[in-house]
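**Q** Quick one: structure below, then a few questions.
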Amino acid sequence: MGSSVFSSCVMIMLCFFICFSLCDATYHKKRVASHNYRDALTKSILFFEGQRSGKLPANHRVPWRKDSGLSDGSALNVDLVGGYYDAGDNVKFGLPMAFTTTMLSWSVLEFGGLMKSELQNSRNAIKWGSDYLLKATAHPGTIYVQVGDANKDHACWERPEDMDTARSVYKVDKNNPGSDVAGETAAALAAASLVFRKCDPNYSKVLLKRAQMVFAFADKYRGTYSTGLHKDVCPFYCSFSGYHDELLWGAAWLQKATKKPTYLNYIHTNGVNLGADDYDNVFGWDNKHVGARILLSKAFLVSKVQSLADFKGHADSFICSLMPGSSKYTPGGLLYKLSDSNMQYVTSTSFLLLTYAKYLTKSHKVVTCGGTTFSPRKIRTLAKKQVDYLLGNNPLKMSYMVGYGNKYPQRIHHRGASIPSKSSHPEKIQCSAGFSFLNTNSPNPNVHVGAIVGGPDLRDQFPDIRTDYEQSEPSTYMNAPLVGSLAYLAHSFGQL
């Protein structure tokens, strides 16, 4: 990025920083921090470099990772090199990768002005995802949604640098639609276009044009991608919630990115049918309804789009569902949604709480649940408690972010982290030979700094067993929303 472009970005973000500081002065700097949120922010972003696939750049900061997947896409004569491995395996799943890119972008759009030196690292993380999504959507009428046979990959335990399992390529098109993965991809491209609008306007235009094309495809050829690709994407990333949420979510991001009446009209016409007022309060890679409601509430609260007033009520309902007595929490105070990778819901919910509190502050509004009023400050307090639990304020005094604090998971369910690196063990480690590293009780030889694991069970217990993927596996979509939350908290306590 040239110096003039960088200077432009710095000036824009400086203005954002000043405005945010003024409007948020009541929640700023005067308290003692529970954690070093700035350090956690740095590490949460570094994690993404350990998940990269493809040709790694010279400034890559994770020494135990090397180039991998350099022929990805060749099975169908397309270039699908790059992108991210979703979690502890070596498959590139399009649905969670797109959601990761959307949430990283939203983190930067809401709190990037507070990130200082980590802003460029966050942009780099977003671009690694959006560059890949451009490749995956380069052929009109087709979206390449997965690289790697997940079943064969999971039958091996090997470093991504060594993988020799089939790099099969899977796609959706008009004959085998996938409105869910296409809608999420459109959302990711639109959100990323906003991140780069001032810093790299030409790239931003490419992203936004592609987002509109992909959304049109998603809406015209409706269907769930895991119907046609069931044996390939299930049970890994089945679209259990269907595709209505992604169409609403994609339209919401395009409305924000384009300001075209086309997308606002689409939301008005289709919103109810797409589940705008459904009572589903789990936000993650599969179900985007809550995220869409919060995002569209901003159009009403901040941008004064009166026709979206109902989304304030929809967003309030989500906030009320999280209050004590309305949601399940562990004895130690952790929000508990599902046993499999529960921390993903903790990080996504915390981000939504802080983001909605920001919108409420700016519009001088509150949330009323029955006879109880919740101010933005109370909402932020709940979000902070969740982040603090994740970082170590819990019954086990365990940080669930690898490399942060004095006590953190040592045996995460992650192939690359659990097997000696190419530098220390240059010889290839074959598919089945790697299982000796999966099944050992020894700590991982490579510390995957910033990785957030699935977390404790309903009783606040965490066994730190590598084979327990539900509790010990990290993923990109667990980290992505936390980036924004940590930036906000670091700034709030004067660490940025």
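Note on naming: chains are A, B, ... as they come in the structure tokens, residues start from 1 per chain, ligands start from 1 in the order shown.
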Just list the residues in range 61-142 of chain A DSSP gives alpha helix (DSSP H) on the backbone, as a PDB file with C-alpha atoms, in the first residue's frame.

**A**
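Written file, out-v5.pdb:
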ATOM      1  CA  GLY A  94     -16.538 -21.554   1.989  1.00  0.00           C
ATOM      2  CA  LEU A  95     -19.430 -20.869   4.371  1.00  0.00           C
ATOM      3  CA  PRO A  96     -17.411 -20.337   7.574  1.00  0.00           C
ATOM      4  CA  MET A  97     -14.624 -18.597   5.649  1.00  0.00           C
ATOM      5  CA  ALA A  98     -17.061 -16.053   4.261  1.00  0.00           C
ATOM      6  CA  PHE A  99     -18.623 -15.519   7.697  1.00  0.00           C
ATOM      7  CA  THR A 100     -15.146 -15.029   9.163  1.00  0.00           C
ATOM      8  CA  THR A 101     -14.426 -12.361   6.548  1.00  0.00           C
ATOM      9  CA  THR A 102     -17.743 -10.624   7.235  1.00  0.00           C
ATOM     10  CA  MET A 103     -17.151 -10.523  10.972  1.00  0.00           C
ATOM     11  CA  LEU A 104     -13.555  -9.359  10.686  1.00  0.00           C
ATOM     12  CA  SER A 105     -14.799  -6.583   8.424  1.00  0.00           C
ATOM     13  CA  TRP A 106     -17.589  -5.626  10.826  1.00  0.00           C
ATOM     14  CA  SER A 107     -15.062  -5.548  13.671  1.00  0.00           C
ATOM     15  CA  VAL A 108     -12.948  -3.065  11.731  1.00  0.00           C
ATOM     16  CA  LEU A 109     -15.910  -0.989  10.566  1.00  0.00           C
ATOM     17  CA  GLU A 110     -17.163  -0.511  14.132  1.00  0.00           C
ATOM     18  CA  PHE A 111     -13.908  -0.385  16.095  1.00  0.00           C
ATOM     19  CA  GLU A 118      -3.290  -3.473  14.711  1.00  0.00           C
ATOM     20  CA  LEU A 119      -5.509  -1.854  12.100  1.00  0.00           C
ATOM     21  CA  GLN A 120      -3.253  -2.805   9.203  1.00  0.00           C
ATOM     22  CA  ASN A 121      -2.875  -6.353  10.505  1.00  0.00           C
ATOM     23  CA  SER A 122      -6.673  -6.589  10.655  1.00  0.00           C
ATOM     24  CA  ARG A 123      -6.987  -5.334   7.090  1.00  0.00           C
ATOM     25  CA  ASN A 124      -4.411  -7.898   5.994  1.00  0.00           C
ATOM     26  CA  ALA A 125      -6.459 -10.638   7.635  1.00  0.00           C
ATOM     27  CA  ILE A 126      -9.600  -9.450   5.857  1.00  0.00           C
ATOM     28  CA  LYS A 127      -7.874  -9.213   2.479  1.00  0.00           C
ATOM     29  CA  TRP A 128      -6.509 -12.743   2.776  1.00  0.00           C
ATOM     30  CA  GLY A 129     -10.124 -13.873   2.966  1.00  0.00           C
ATOM     31  CA  SER A 130     -11.642 -11.472   0.431  1.00  0.00           C
ATOM     32  CA  ASP A 131      -8.940 -12.196  -2.170  1.00  0.00           C
ATOM     33  CA  TYR A 132      -9.883 -15.850  -1.969  1.00  0.00           C
ATOM     34  CA  LEU A 133     -13.608 -15.118  -2.182  1.00  0.00           C
ATOM     35  CA  LEU A 134     -12.979 -13.137  -5.368  1.00  0.00           C
ATOM     36  CA  LYS A 135     -11.296 -16.230  -6.827  1.00  0.00           C
ATOM     37  CA  ALA A 136     -14.156 -18.440  -5.680  1.00  0.00           C
TER      38      ALA A 136
END

**Q** List the spatial neighbours of Cys369 in chain A as a count of residues only - criterion: any atom at most 6 Å away, only C-alpha atoms, same-chain residues fewer than 2 positions off excluded.

**A** 3

**Q** Rank nothing, just name the residue among A:Gly183, A:Gly141, A:Gly242, A:Gly88 nearest to Thr476 in chain A, using only C-alpha atoms.

**A**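 Among the listed residues, the smallest separation from Thr476 in chain A belongs to A:Gly88.
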
**Q** Go through A:Ser326, A:Thr165, A:Asn281, A:Ser472 one by one, measure the shortest atom-to-atom distance of each to Ser432 in chain A using only C-alpha atoms, and give the residue with the smallest value.

**A** A:Thr165

**Q** A:Pro395, A:Pro481, A:Gly82, A:Gly450: which is nearest Pro57 in chain A, counting only C-alpha atoms?

**A**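 Using only C-alpha atoms, the shortest distance to Pro57 in chain A belongs to A:Gly82.
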
**Q** Quick check, in Å to one decimal: how far apart do CA of Ser375 in chain A and CA of Gly333 in chain A lie?

**A**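 One can read the CA of Ser375 in chain A to CA of Gly333 in chain A distance as 20.1 Å.
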
**Q** Using only C-alpha atoms, which residue out of A:Leu360, A:Ala292, A:Val447, A:Val387 lies closest to Gly403 in chain A?

**A**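 Checking each of A:Leu360, A:Ala292, A:Val447, A:Val387 against Gly403 in chain A, counting only C-alpha atoms, the winner is A:Val447.
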
**Q** Taking into account only C-alpha atoms, which residue in the set A:Gly313, A:Gly148, A:Gly455, A:Pro463 is nearest to Leu334 in chain A?

**A**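 The closest residue to Leu334 in chain A is A:Gly455.
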
**Q** Can you tell me which residues surround Gly271 in chain A at a distance of at most 12 Å, considering only C-alpha atoms, apart from same-chain residues fewer than 3 positions away, and format the answer as a PyMOL selection string?

**A** chain A and resi 244-252+263-268+274-278+289+292-293+296+307-308+310-311+314

**Q** Which residues come within 7 Å of His448 in chain A, counting only C-alpha atoms, excluding same-chain residues fewer than 5 positions away, as an MDAnalysis selection string?

**A** chainID A and resid 47 50 402 417

**Q** Can you pull out every residue within 9 Å of Pro443 in chain A, counting only C-alpha atoms, but drop anything in the same chain fewer than 4 positions away, and send it as a ChimeraX atom specification?

**A** /A:409-412,418

**Q** Write the residues of the selection above to a file with N, CA and C atoms, as a PDB file, in the first residue's frame.

**A**
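For reference, again-v1.pdb as written:
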ATOM      1  N   PRO A 409      -4.768 -23.431  27.187  1.00  0.00           N
ATOM      2  CA  PRO A 409      -4.765 -24.791  26.636  1.00  0.00           C
ATOM      3  C   PRO A 409      -3.435 -25.156  25.980  1.00  0.00           C
ATOM      4  N   GLN A 410      -2.972 -26.349  26.282  1.00  0.00           N
ATOM      5  CA  GLN A 410      -1.687 -26.830  25.770  1.00  0.00           C
ATOM      6  C   GLN A 410      -1.848 -27.865  24.655  1.00  0.00           C
ATOM      7  N   ARG A 411      -3.023 -28.431  24.518  1.00  0.00           N
ATOM      8  CA  ARG A 411      -3.221 -29.553  23.595  1.00  0.00           C
ATOM      9  C   ARG A 411      -4.408 -29.282  22.672  1.00  0.00           C
ATOM     10  N   ILE A 412      -4.360 -28.180  21.972  1.00  0.00           N
ATOM     11  CA  ILE A 412      -5.500 -27.847  21.122  1.00  0.00           C
ATOM     12  C   ILE A 412      -5.600 -28.824  19.951  1.00  0.00           C
ATOM     13  N   SER A 418      -0.020 -29.340  16.475  1.00  0.00           N
ATOM     14  CA  SER A 418       0.288 -30.528  17.274  1.00  0.00           C
ATOM     15  C   SER A 418       1.415 -31.386  16.709  1.00  0.00           C
TER      16      SER A 418
END

**Q** So the first atom is CA of Asp464 in chain A and the second is CA of Ala33 in chain A; what is the distance between them in Å, to one decimal place?

**A**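 We find that CA of Asp464 in chain A and CA of Ala33 in chain A lie 27.5 Å from each other.
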
**Q** Name all residues at most 12 Å from Ser475 in chain A (count only C-alpha atoms; drop same-chain ones fewer than 6 positions away) and give them as a PyMOL selection string.

**A** chain A and resi 44+47-48+50-52+84-90+92-93+96-97+99-100+284-285+340-344+347+401+412-414+448+450-455+469+481-482

**Q** Do you have the CA of Lys256 in chain A-CA of Lys198 in chain A distance handy?

**A**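 Interatomic distance here is 15.3 Å.
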
**Q** For Lys397 in chain A, please output as JSON, numbers by chain all residues within 12 Å (counting only C-alpha atoms; exclusion window: fewer than 5 positions along the same chain).

**A** {"A": [332, 388, 389, 390, 391, 392, 404, 405, 406, 407, 408, 409, 456, 460, 461, 462]}

**Q** Kindly indicate which residue among A:Gly484, A:Pro426, A:Pro201, A:Pro160 lies nearest to Gly69 in chain A, using only C-alpha atoms for the distances.

**A**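 Once distances to Gly69 in chain A are computed over only C-alpha atoms, the minimum belongs to A:Pro160.
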